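A.B. asks: What follows is protein.txt; its format and atoms are compact mmCIF, C-alpha atoms.
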# COMPACT_ATOMS: atom_id res chain seq x y z
CA MET I 1110 62.05 -20.52 3.01
CA GLY I 1111 61.10 -20.63 6.64
CA GLY I 1112 57.52 -19.23 6.36
CA PRO I 1113 54.76 -20.93 8.34
CA ALA I 1114 53.23 -24.13 6.95
CA PRO I 1115 49.58 -23.95 5.88
CA LEU I 1116 47.00 -25.26 8.32
CA GLY I 1117 45.58 -28.66 7.45
CA ALA I 1118 48.32 -29.48 4.92
CA LYS I 1119 51.98 -30.47 4.89
CA GLY I 1120 54.68 -29.32 2.50
CA PHE I 1121 57.26 -26.62 1.89
CA PRO I 1122 56.92 -23.35 3.78
CA ARG I 1123 54.63 -20.69 2.22
CA PRO I 1124 52.46 -17.79 3.43
CA LEU I 1125 49.93 -18.83 6.08
CA LEU I 1126 46.81 -20.29 4.43
CA ASP I 1127 43.80 -22.05 5.94
CA LEU I 1128 42.91 -24.96 3.66
CA SER I 1129 40.76 -26.81 6.14
CA PRO I 1130 37.29 -28.03 5.00
CA LYS I 1131 35.61 -25.63 7.43
CA SER I 1132 37.42 -22.62 5.97
CA PHE I 1133 36.65 -23.72 2.40
CA GLU I 1134 32.95 -24.07 3.21
CA LYS I 1135 32.89 -20.60 4.80
CA THR I 1136 34.54 -19.03 1.73
CA VAL I 1137 32.10 -20.68 -0.71
CA LYS I 1138 29.08 -19.57 1.33
CA ALA I 1139 30.34 -15.98 1.46
CA ALA I 1140 30.96 -15.89 -2.30
CA PHE I 1141 27.54 -17.40 -3.03
CA GLY I 1142 25.93 -14.85 -0.73
CA ARG I 1143 27.56 -11.97 -2.60
CA ILE I 1144 26.43 -13.36 -5.96
CA LEU I 1145 22.88 -13.79 -4.65
CA ARG I 1146 22.74 -10.23 -3.32
CA TRP I 1147 24.03 -8.80 -6.59
CA THR I 1148 21.53 -10.88 -8.56
CA VAL I 1149 18.44 -10.17 -6.46
CA TYR I 1150 19.07 -6.74 -4.99
CA GLY I 1151 21.73 -5.21 -7.20
CA SER I 1152 25.01 -3.80 -5.97
CA ARG I 1153 24.69 -1.83 -2.74
CA ASP I 1154 26.56 1.02 -4.36
CA SER I 1155 24.82 0.91 -7.76
CA PRO I 1156 22.87 4.13 -8.40
CA ILE I 1157 19.08 4.07 -8.71
CA PRO I 1158 17.93 5.94 -11.84
CA GLN I 1159 15.88 9.11 -11.37
CA SER I 1160 12.90 7.49 -13.07
CA ASP I 1161 12.97 4.74 -10.41
CA ILE I 1162 13.32 7.29 -7.61
CA ASP I 1163 10.20 9.10 -8.83
CA LEU I 1164 8.21 5.86 -8.97
CA LEU I 1165 9.45 4.76 -5.54
CA GLU I 1166 8.72 8.10 -3.88
CA PHE I 1167 5.22 8.51 -5.31
CA PRO I 1168 3.65 5.69 -3.22
CA LEU I 1169 4.83 7.40 -0.04
CA ASN I 1170 1.67 9.48 -0.44
CA LEU I 1171 -0.46 6.35 -0.10
CA GLU I 1172 1.72 4.78 2.59
CA TYR I 1173 1.42 7.91 4.75
CA LEU I 1174 -2.35 7.80 4.29
CA GLU I 1175 -2.63 4.13 5.24
CA ALA I 1176 -0.24 4.42 8.18
CA GLU I 1177 -2.14 7.31 9.74
CA PHE I 1178 -5.59 5.81 9.12
CA PHE I 1179 -4.65 2.44 10.63
CA LEU I 1180 -2.62 3.86 13.52
CA TYR I 1181 -5.32 6.29 14.59
CA GLY I 1182 -8.13 3.81 13.92
CA SER I 1183 -6.62 1.09 16.09
CA MET I 1184 -4.70 3.05 18.74
CA GLY I 1185 -5.92 6.64 18.64
CA ARG I 1186 -2.48 8.10 17.85
CA GLY I 1187 -0.47 8.49 14.66
CA LEU I 1188 3.05 8.80 13.32
CA ASP I 1189 3.74 11.92 15.37
CA TYR I 1190 3.59 9.72 18.46
CA PHE I 1191 4.88 6.35 17.22
CA ALA I 1192 7.47 7.35 14.59
CA PRO I 1193 7.84 11.16 14.41
CA ASN I 1194 11.08 10.92 12.44
CA LEU I 1195 9.20 9.43 9.50
CA THR I 1196 6.92 12.45 9.08
CA MET I 1197 9.86 14.77 8.30
CA GLY I 1198 7.90 17.61 9.89
CA GLY I 1199 4.81 17.26 7.71
CA PRO I 1200 1.46 18.62 8.97
CA LYS I 1201 -0.71 16.58 11.32
CA PRO I 1202 -3.63 14.72 9.66
CA LEU I 1203 -7.08 16.28 9.85
CA GLY I 1204 -9.89 14.49 11.66
CA ALA I 1205 -8.21 11.14 12.31
CA LYS I 1206 -9.36 9.38 15.49
CA LYS I 1207 -9.70 6.04 17.23
CA ALA I 1208 -12.45 3.86 15.80
CA ASN I 1209 -15.07 1.89 17.74
CA LEU I 1210 -13.66 -1.54 16.85
CA ASP I 1211 -14.25 -4.98 18.29
CA PRO I 1212 -11.12 -6.69 19.71
CA TYR I 1213 -10.54 -8.92 16.67
CA THR I 1214 -10.81 -6.12 14.12
CA ARG I 1215 -8.67 -3.82 16.27
CA ASP I 1216 -5.94 -6.46 16.40
CA VAL I 1217 -5.97 -6.87 12.60
CA ILE I 1218 -5.89 -3.11 11.97
CA ARG I 1219 -3.09 -2.68 14.52
CA GLN I 1220 -1.05 -5.21 12.55
CA PHE I 1221 -1.74 -3.26 9.35
CA ALA I 1222 -0.66 -0.06 11.09
CA TRP I 1223 2.76 -1.36 12.06
CA GLN I 1224 3.20 -2.90 8.61
CA GLU I 1225 2.65 0.54 7.09
CA VAL I 1226 5.27 2.04 9.39
CA GLY I 1227 7.65 -0.61 8.05
CA HIS I 1228 6.75 0.31 4.48
CA LEU I 1229 7.61 3.95 5.13
CA ARG I 1230 10.95 2.93 6.58
CA ALA I 1231 11.69 0.60 3.66
CA ILE I 1232 11.04 3.26 1.03
CA LYS I 1233 12.99 5.92 2.93
CA ASP I 1234 15.92 3.56 3.35
CA THR I 1235 16.06 3.41 -0.45
CA VAL I 1236 15.19 6.96 -1.54
CA GLN I 1237 15.15 10.30 0.24
CA GLY I 1238 11.39 10.74 0.26
CA PHE I 1239 9.46 13.83 1.33
CA PRO I 1240 7.52 15.10 4.38
CA ARG I 1241 4.06 13.76 5.10
CA PRO I 1242 1.55 15.75 3.02
CA LEU I 1243 -1.58 17.20 4.58
CA LEU I 1244 -4.10 14.36 4.89
CA ASP I 1245 -7.84 14.68 5.48
CA LEU I 1246 -9.04 11.59 7.35
CA SER I 1247 -12.08 13.29 8.83
CA THR I 1248 -15.57 11.83 8.90
CA LYS I 1249 -16.56 14.57 6.44
CA SER I 1250 -13.93 13.40 3.95
CA PHE I 1251 -15.19 9.81 3.96
CA ALA I 1252 -18.82 10.96 3.88
CA LYS I 1253 -18.10 12.87 0.66
CA ILE I 1254 -16.69 9.71 -0.91
CA MET I 1255 -19.73 7.64 0.04
CA ASP I 1256 -22.12 10.35 -1.15
CA ALA I 1257 -20.30 10.47 -4.49
CA ALA I 1258 -20.39 6.67 -4.74
CA PHE I 1259 -24.17 6.55 -4.27
CA GLY I 1260 -24.94 9.76 -6.13
CA LYS I 1261 -26.86 11.15 -3.16
CA ARG I 1262 -26.35 12.27 0.42
CA LEU I 1263 -26.49 9.45 2.90
CA SER I 1264 -28.35 10.29 6.08
CA PRO I 1265 -26.79 10.35 8.57
CA PRO I 1266 -23.41 11.09 6.93
CA PHE I 1267 -21.21 7.99 6.73
CA ASP I 1268 -18.89 7.75 9.74
CA PRO I 1269 -15.86 5.47 9.18
CA TYR I 1270 -15.09 5.40 12.91
CA ALA I 1271 -18.59 4.38 14.10
CA SER I 1272 -18.17 0.59 14.17
CA SER I 1273 -16.00 -2.26 12.95
CA LEU I 1274 -18.13 -2.70 9.84
CA HIS I 1275 -18.07 1.03 9.06
CA TYR I 1276 -14.29 1.03 9.47
CA LEU I 1277 -13.76 -2.02 7.25
CA ILE I 1278 -15.87 -0.44 4.51
CA ALA I 1279 -13.78 2.73 4.81
CA SER I 1280 -10.61 0.58 4.73
CA TYR I 1281 -11.87 -0.94 1.47
CA VAL I 1282 -11.30 2.51 -0.04
CA ILE I 1283 -7.55 2.70 0.68
CA PRO I 1284 -5.04 -0.23 0.28
CA TYR I 1285 -6.38 -1.43 -3.08
CA VAL I 1286 -5.55 1.86 -4.77
CA GLY I 1287 -1.95 1.59 -3.62
CA LEU I 1288 -1.49 -2.01 -4.73
CA THR I 1289 -2.72 -1.24 -8.27
CA GLY I 1290 -0.08 1.48 -8.34
CA TYR I 1291 2.64 -1.02 -7.43
CA VAL I 1292 1.43 -3.38 -10.16
CA GLY I 1293 1.63 -0.51 -12.63
CA ALA I 1294 5.06 0.69 -11.49
CA ASN I 1295 6.91 -2.62 -11.42
CA PRO I 1296 7.45 -3.11 -15.20
CA LYS I 1297 8.70 0.48 -15.50
CA LEU I 1298 11.47 0.07 -12.92
CA GLN I 1299 15.06 -0.44 -14.05
CA ALA I 1300 17.19 -1.26 -11.00
CA ALA I 1301 16.98 -4.69 -9.39
CA ALA I 1302 16.82 -3.10 -5.94
CA SER I 1303 13.79 -1.03 -7.01
CA LYS I 1304 11.98 -4.06 -8.39
CA ARG I 1305 12.68 -6.09 -5.25
CA LEU I 1306 11.36 -3.32 -3.01
CA VAL I 1307 8.15 -2.82 -4.99
CA ALA I 1308 7.53 -6.58 -5.23
CA GLY I 1309 7.85 -6.84 -1.46
CA LEU I 1310 5.56 -3.88 -0.83
CA LEU I 1311 3.01 -5.23 -3.30
CA ALA I 1312 2.95 -8.60 -1.55
CA VAL I 1313 1.95 -7.13 1.80
CA GLU I 1314 -0.43 -4.50 0.37
CA SER I 1315 -2.20 -7.26 -1.56
CA GLY I 1316 -2.43 -9.28 1.62
CA GLN I 1317 -4.00 -6.38 3.49
CA ASP I 1318 -6.56 -5.86 0.74
CA ALA I 1319 -7.36 -9.59 0.71
CA VAL I 1320 -7.92 -9.63 4.47
CA ILE I 1321 -10.21 -6.58 4.28
CA ARG I 1322 -12.19 -8.06 1.40
CA GLY I 1323 -12.38 -11.42 3.15
CA LEU I 1324 -13.73 -9.89 6.36
CA LEU I 1325 -16.28 -7.87 4.41
CA TYR I 1326 -17.30 -10.83 2.23
CA GLU I 1327 -18.53 -12.65 5.32
CA TYR I 1328 -21.03 -9.78 5.77
CA ALA I 1329 -21.67 -9.15 2.06
CA LEU I 1330 -25.45 -9.52 2.34
CA ILE I 1331 -25.76 -7.78 5.71
CA ARG I 1332 -27.43 -4.36 5.54
CA LEU I 1333 -25.47 -1.59 7.22
CA HIS I 1334 -27.54 0.27 9.80
CA PRO I 1335 -29.15 2.76 9.41
CA TYR I 1336 -28.88 2.89 5.61
CA GLY I 1337 -30.43 -0.47 4.72
CA ILE I 1338 -27.69 -0.94 2.09
CA THR I 1339 -25.79 -4.21 1.89
CA VAL I 1340 -22.04 -4.36 2.43
CA ALA I 1341 -21.67 -5.80 -1.09
CA GLU I 1342 -23.48 -2.78 -2.54
CA PHE I 1343 -21.15 -0.42 -0.68
CA THR I 1344 -18.11 -2.16 -2.19
CA ASN I 1345 -19.63 -2.21 -5.67
CA ARG I 1346 -20.46 1.50 -5.54
CA ILE I 1347 -16.98 2.41 -4.23
CA SER I 1348 -15.34 0.37 -7.00
CA ASP I 1349 -17.59 1.92 -9.65
CA LEU I 1350 -16.65 5.38 -8.39
CA ARG I 1351 -12.93 4.61 -8.56
CA ASN I 1352 -13.33 3.30 -12.11
CA LYS I 1353 -15.16 6.48 -13.06
CA LEU I 1354 -12.56 8.76 -11.47
CA GLY I 1355 -9.62 6.79 -12.91
CA GLN I 1356 -11.04 7.13 -16.44
CA GLU I 1357 -9.27 4.05 -17.77
CA GLY I 1358 -12.01 1.44 -17.80
CA ILE I 1359 -12.63 -1.35 -15.29
CA LYS I 1360 -9.75 -1.72 -12.86
CA ASP I 1361 -11.83 -2.17 -9.73
CA GLU I 1362 -14.50 -4.66 -8.70
CA GLY I 1363 -16.75 -5.09 -5.70
CA LEU I 1364 -17.40 -8.24 -3.66
CA VAL I 1365 -20.33 -9.55 -5.72
CA VAL I 1366 -20.29 -9.10 -9.49
CA PRO I 1367 -22.25 -10.31 -12.51
CA LYS I 1368 -21.21 -13.91 -13.24
CA LYS I 1369 -19.47 -12.94 -16.50
CA PHE I 1370 -17.04 -10.75 -14.50
CA GLY I 1371 -16.28 -13.44 -11.90
CA ALA I 1372 -13.27 -15.78 -12.12
CA GLU I 1373 -13.44 -17.61 -15.49
CA GLY I 1374 -17.02 -16.34 -15.85
CA GLN I 1375 -18.11 -19.06 -13.45
CA ILE I 1376 -19.01 -17.35 -10.18
CA ARG I 1377 -20.47 -14.14 -8.76
CA GLY I 1378 -18.48 -14.12 -5.54
CA ASN I 1379 -15.44 -11.88 -5.96
CA VAL I 1380 -13.39 -11.95 -2.77
CA LEU I 1381 -10.29 -11.02 -4.82
CA ALA I 1382 -10.42 -8.54 -7.69
CA GLY I 1383 -8.71 -9.43 -10.98
CA ASP I 1384 -9.01 -9.12 -14.73
CA GLU I 1385 -10.28 -11.79 -17.15
CA TYR I 1386 -7.24 -13.91 -16.26
CA SER I 1387 -7.60 -13.21 -12.51
CA ILE I 1388 -4.46 -11.06 -12.70
CA GLY I 1389 -4.22 -7.86 -10.65
CA TYR I 1390 -5.11 -4.57 -12.30
CA ALA I 1391 -2.50 -1.84 -12.84
CA ARG I 1392 -2.87 1.92 -12.45
CA THR I 1393 -0.57 4.81 -13.33
CA PRO I 1394 0.28 7.58 -10.85
CA GLU I 1395 -2.06 9.88 -12.78
CA GLU I 1396 -4.98 7.48 -12.41
CA ILE I 1397 -4.27 7.16 -8.69
CA LEU I 1398 -4.21 10.94 -8.23
CA ARG I 1399 -7.57 11.24 -10.00
CA VAL I 1400 -9.01 8.69 -7.56
CA VAL I 1401 -7.52 9.88 -4.25
CA TYR I 1402 -8.21 13.55 -5.07
CA GLY I 1403 -11.81 12.59 -5.76
CA SER I 1404 -11.78 15.07 -8.64
CA GLY I 1405 -11.08 12.83 -11.60
CA ASN I 1406 -8.23 15.20 -12.46
CA GLU I 1407 -4.60 14.69 -11.46
CA SER I 1408 -4.14 18.48 -11.42
CA THR I 1409 -7.05 19.22 -9.07
CA PRO I 1410 -6.31 18.35 -5.39
CA GLY I 1411 -9.00 17.39 -2.94
CA GLY I 1412 -10.33 14.31 -1.19
CA PHE I 1413 -7.69 12.86 1.13
CA TYR I 1414 -5.12 15.44 -0.09
CA PRO I 1415 -6.52 18.97 0.32
CA LYS I 1416 -3.26 20.57 -0.81
CA GLY I 1417 -2.20 17.83 -3.17
CA ALA I 1418 0.21 14.90 -3.01
CA ASP I 1419 4.01 15.27 -2.94
CA GLY I 1420 6.95 13.98 -4.97
CA ARG I 1421 8.13 14.93 -8.45
CA ILE I 1422 5.31 13.13 -10.27
CA ALA I 1423 2.46 14.64 -8.26
CA LYS I 1424 4.04 18.10 -8.17
CA SER I 1425 4.51 18.11 -11.94
CA HIS I 1426 0.75 17.97 -12.34
CA LEU I 1427 0.07 20.58 -9.68
CA GLN I 1428 2.38 22.99 -11.48
CA HIS I 1429 0.25 22.60 -14.60
CA SER I 1430 -3.04 23.22 -12.80
Here is a file; write its structure as C-alpha cells.
C.D. replies:
Amino acid sequence: MGGPAPLGAKGFPRPLLDLSPKSFEKTVKAAFGRILRWTVYGSRDSPIPQSDIDLLEFPLNLEYLEAEFFLYGSMGRGLDYFAPNLTMGGPKPLGAKKANLDPYTRDVIRQFAWQEVGHLRAIKDTVQGFPRPLLDLSTKSFAKIMDAAFGKRLSPPFDPYASSLHYLIASYVIPYVGLTGYVGANPKLQAAASKRLVAGLLAVESGQDAVIRGLLYEYALIRLHPYGITVAEFTNRISDLRNKLGQEGIKDEGLVVPKKFGAEGQIRGNVLAGDEYSIGYARTPEEILRVVYGSGNESTPGGFYPKGADGRIAKSHLQHS
C-alpha cells in the first residue's frame, strides 16, 4: 500500500494512472489513428513485394519525363537545378528549353512541374528507384512524333516550345500515357501502401491531363499556324498514333470523336477520354514502352528514350532485344 492515488479518481493506492476524460479521449484517438494507418497504408514495417516494387519503379520513367518537360518549359531549368538529388546522377535531358508561354499557361505548367517533383519524391520514399534515364525533349524529337501522327513531314517541323498552343499540344502527348499505366498497375498491386501511392499519383496525373485537354478543347476548332490544321485534328492524330503503337486496340481518344464514341453515344465533344462506360483506359508497361519509344516495340528504344527506359521491367525487354 502507499502508492500514489490515480488522477481523477479516489480509492486505495495503486500505480499512477490518468483516468481523466481528457486522457481517455487522447488514448482513443491514438488507437483509432493506428488502426486507420494500418488499414489504409499498411504497416510501416510491412515489406513491399518485389512485383509491387517493379510496378512502382516503372512509372519513374514517365515522371522524370514529365518533370523535366514541365520544369524546362515553364522555368528554363530542370531537376539538376531544382532537385539534383532526385536525378541520382542520371544524364542531362537533350534539347529541353524554356517555352514561349503566356503568363496563364506558364503558371499552370509551373504548377505541373512542382507536382511532378513531388511525385518523384513520393515514389522514391517508397522504393529505391533508379537514376534519371537519358531523355530526348528536343524539338526534333517532338517533330518526329507529329510527322508520324500525320504520316508526312510537317513544314516547318513542329516546335513544342514555339507558343502556348504548341506547348499544350506537345503536353497532350505526355501525362495521359502515364495515367493509363497507373490504371493498369493498380489491380496488380498487393500491398496497401502500394495501392494508396498509385491511387494518389493517378488522381493528380488525371487532373493534369484533364486541365490540358480542357485548355485545348477551348481551341479545338482553331487552326494552328502555319499548318492550317485544327487543334482537334492534332489530338485525334496523336491519339490514333498511340493506339497504333500500343497495339491493343482503342485506349486513346482525341478531343472531338464520332458521336458513337462519345459519352453514352450522345455527344462528339470528348474533353475527357474514357471507354464505353466513361471509365479510364488501362495500359501495361509493355504498351507504354511501345508508345514512348515510338517504335511499337518494347525492345526497341527510341523516341523520348534514346537508350531505353530503366527499371527491372524495361530492362528485361532491352536484354531480349
A.B. asks: Of the candidates I:Lys1297, I:Lys1233, I:Arg1332, I:Arg1305, which one gets nearest to Pro1168 in chain I if we count only C-alpha atoms?
C.D. replies: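 Using only C-alpha atoms, the shortest distance to Pro1168 in chain I belongs to I:Lys1233.
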A.B. asks: As AutoDock Vina command-line options, what would the box around range 1240-1257 of chain I look like: edges along x, y and z, 3 Å added on every side, centre and edge lengths in Å to one decimal?
C.D. replies:
--center_x -7.3 --center_y 12.4 --center_z 2.2 --size_x 35.6 --size_y 15.6 --size_z 19.4
A.B. asks: Taking only C-alpha atoms into account, which of I:Pro1193, I:Pro1415, I:Gly1290, I:Gly1316 comes nearest Ile1397 in chain I?
C.D. replies: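 Of I:Pro1193, I:Pro1415, I:Gly1290, I:Gly1316, the one nearest Ile1397 in chain I is I:Gly1290, counting only C-alpha atoms.
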A.B. asks: Choose the residue, out of I:Lys1360, I:Val1313, I:Phe1413, I:Ala1423, that has the smallest atom-to-atom separation from Gln1224 in chain I; count only C-alpha atoms.
C.D. replies: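 Using only C-alpha atoms, Gln1224 in chain I sits closest to I:Val1313.
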A.B. asks: Around (-8.0, 4.0, 17.7), as given in the file, which residues come within 8 Å? Count all atoms listed in the file and list them as a list in words.
C.D. replies: Phe1179, Leu1180, Tyr1181, Gly1182, Ser1183, Met1184, Gly1185, Arg1186, Lys1206, Lys1207, Ala1208, Asn1209, Leu1210 and Arg1215 of chain I
A.B. asks: For range 1199-1210 of chain I, where the input has fewer atoms than it should, I would like all heavy atoms rebuilt and written as a PDB file, keeping the file's coordinate frame.
C.D. replies:
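Output below, filename rebuild09.pdb:
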ATOM      1  N   GLY I1199       6.041  16.991   8.447  1.00  0.00           N
ATOM      2  CA  GLY I1199       4.810  17.260   7.710  1.00  0.00           C
ATOM      3  C   GLY I1199       3.636  17.542   8.635  1.00  0.00           C
ATOM      4  O   GLY I1199       3.641  17.164   9.805  1.00  0.00           O
ATOM      5  N   PRO I1200       2.601  18.223   8.132  1.00  0.00           N
ATOM      6  CA  PRO I1200       1.460  18.620   8.970  1.00  0.00           C
ATOM      7  C   PRO I1200       0.674  17.426   9.518  1.00  0.00           C
ATOM      8  O   PRO I1200       0.608  16.377   8.882  1.00  0.00           O
ATOM      9  CB  PRO I1200       0.592  19.455   8.027  1.00  0.00           C
ATOM     10  CG  PRO I1200       0.963  18.991   6.656  1.00  0.00           C
ATOM     11  CD  PRO I1200       2.421  18.645   6.730  1.00  0.00           C
ATOM     12  N   LYS I1201       0.088  17.619  10.684  1.00  0.00           N
ATOM     13  CA  LYS I1201      -0.710  16.580  11.320  1.00  0.00           C
ATOM     14  C   LYS I1201      -1.985  16.311  10.514  1.00  0.00           C
ATOM     15  O   LYS I1201      -2.599  17.239   9.990  1.00  0.00           O
ATOM     16  CB  LYS I1201      -1.083  17.028  12.741  1.00  0.00           C
ATOM     17  CG  LYS I1201      -1.843  15.998  13.546  1.00  0.00           C
ATOM     18  CD  LYS I1201      -2.130  16.514  14.954  1.00  0.00           C
ATOM     19  CE  LYS I1201      -2.914  15.503  15.778  1.00  0.00           C
ATOM     20  NZ  LYS I1201      -3.203  15.994  17.142  1.00  0.00           N
ATOM     21  N   PRO I1202      -2.405  15.043  10.404  1.00  0.00           N
ATOM     22  CA  PRO I1202      -3.630  14.720   9.660  1.00  0.00           C
ATOM     23  C   PRO I1202      -4.862  15.386  10.258  1.00  0.00           C
ATOM     24  O   PRO I1202      -4.925  15.621  11.473  1.00  0.00           O
ATOM     25  CB  PRO I1202      -3.725  13.194   9.785  1.00  0.00           C
ATOM     26  CG  PRO I1202      -2.364  12.741  10.135  1.00  0.00           C
ATOM     27  CD  PRO I1202      -1.733  13.844  10.931  1.00  0.00           C
ATOM     28  N   LEU I1203      -5.829  15.660   9.417  1.00  0.00           N
ATOM     29  CA  LEU I1203      -7.080  16.280   9.850  1.00  0.00           C
ATOM     30  C   LEU I1203      -8.111  15.201  10.179  1.00  0.00           C
ATOM     31  O   LEU I1203      -8.329  14.281   9.389  1.00  0.00           O
ATOM     32  CB  LEU I1203      -7.640  17.174   8.733  1.00  0.00           C
ATOM     33  CG  LEU I1203      -6.747  18.301   8.216  1.00  0.00           C
ATOM     34  CD1 LEU I1203      -7.410  18.990   7.030  1.00  0.00           C
ATOM     35  CD2 LEU I1203      -6.444  19.296   9.329  1.00  0.00           C
ATOM     36  N   GLY I1204      -8.723  15.291  11.338  1.00  0.00           N
ATOM     37  CA  GLY I1204      -9.890  14.490  11.660  1.00  0.00           C
ATOM     38  C   GLY I1204      -9.682  13.027  11.978  1.00  0.00           C
ATOM     39  O   GLY I1204     -10.653  12.295  12.200  1.00  0.00           O
ATOM     40  N   ALA I1205      -8.449  12.550  12.012  1.00  0.00           N
ATOM     41  CA  ALA I1205      -8.210  11.140  12.310  1.00  0.00           C
ATOM     42  C   ALA I1205      -8.480  10.867  13.793  1.00  0.00           C
ATOM     43  O   ALA I1205      -8.146  11.688  14.646  1.00  0.00           O
ATOM     44  CB  ALA I1205      -6.781  10.754  11.955  1.00  0.00           C
ATOM     45  N   LYS I1206      -9.068   9.706  14.100  1.00  0.00           N
ATOM     46  CA  LYS I1206      -9.360   9.380  15.490  1.00  0.00           C
ATOM     47  C   LYS I1206      -9.505   7.879  15.669  1.00  0.00           C
ATOM     48  O   LYS I1206      -9.539   7.115  14.692  1.00  0.00           O
ATOM     49  CB  LYS I1206     -10.638  10.085  15.949  1.00  0.00           C
ATOM     50  CG  LYS I1206     -11.888   9.703  15.176  1.00  0.00           C
ATOM     51  CD  LYS I1206     -13.089  10.495  15.666  1.00  0.00           C
ATOM     52  CE  LYS I1206     -14.360  10.134  14.906  1.00  0.00           C
ATOM     53  NZ  LYS I1206     -15.524  10.920  15.395  1.00  0.00           N
ATOM     54  N   LYS I1207      -9.572   7.460  16.912  1.00  0.00           N
ATOM     55  CA  LYS I1207      -9.700   6.040  17.230  1.00  0.00           C
ATOM     56  C   LYS I1207     -11.103   5.563  16.874  1.00  0.00           C
ATOM     57  O   LYS I1207     -12.105   6.223  17.169  1.00  0.00           O
ATOM     58  CB  LYS I1207      -9.437   5.818  18.730  1.00  0.00           C
ATOM     59  CG  LYS I1207      -9.296   4.357  19.120  1.00  0.00           C
ATOM     60  CD  LYS I1207      -8.855   4.235  20.583  1.00  0.00           C
ATOM     61  CE  LYS I1207      -8.618   2.785  20.975  1.00  0.00           C
ATOM     62  NZ  LYS I1207      -8.140   2.658  22.373  1.00  0.00           N
ATOM     63  N   ALA I1208     -11.172   4.405  16.224  1.00  0.00           N
ATOM     64  CA  ALA I1208     -12.450   3.860  15.800  1.00  0.00           C
ATOM     65  C   ALA I1208     -13.046   2.949  16.867  1.00  0.00           C
ATOM     66  O   ALA I1208     -12.341   2.405  17.715  1.00  0.00           O
ATOM     67  CB  ALA I1208     -12.277   3.085  14.492  1.00  0.00           C
ATOM     68  N   ASN I1209     -14.348   2.761  16.811  1.00  0.00           N
ATOM     69  CA  ASN I1209     -15.070   1.890  17.740  1.00  0.00           C
ATOM     70  C   ASN I1209     -15.015   0.460  17.194  1.00  0.00           C
ATOM     71  O   ASN I1209     -15.954  -0.019  16.565  1.00  0.00           O
ATOM     72  CB  ASN I1209     -16.516   2.366  17.873  1.00  0.00           C
ATOM     73  CG  ASN I1209     -17.313   1.535  18.878  1.00  0.00           C
ATOM     74  OD1 ASN I1209     -16.748   0.942  19.790  1.00  0.00           O
ATOM     75  ND2 ASN I1209     -18.619   1.474  18.681  1.00  0.00           N
ATOM     76  N   LEU I1210     -13.898  -0.217  17.432  1.00  0.00           N
ATOM     77  CA  LEU I1210     -13.660  -1.540  16.850  1.00  0.00           C
ATOM     78  C   LEU I1210     -13.789  -2.652  17.886  1.00  0.00           C
ATOM     79  O   LEU I1210     -13.454  -2.467  19.058  1.00  0.00           O
ATOM     80  CB  LEU I1210     -12.243  -1.595  16.254  1.00  0.00           C
ATOM     81  CG  LEU I1210     -11.874  -0.516  15.235  1.00  0.00           C
ATOM     82  CD1 LEU I1210     -10.427  -0.687  14.787  1.00  0.00           C
ATOM     83  CD2 LEU I1210     -12.815  -0.555  14.038  1.00  0.00           C
TER      84      LEU I1210
END
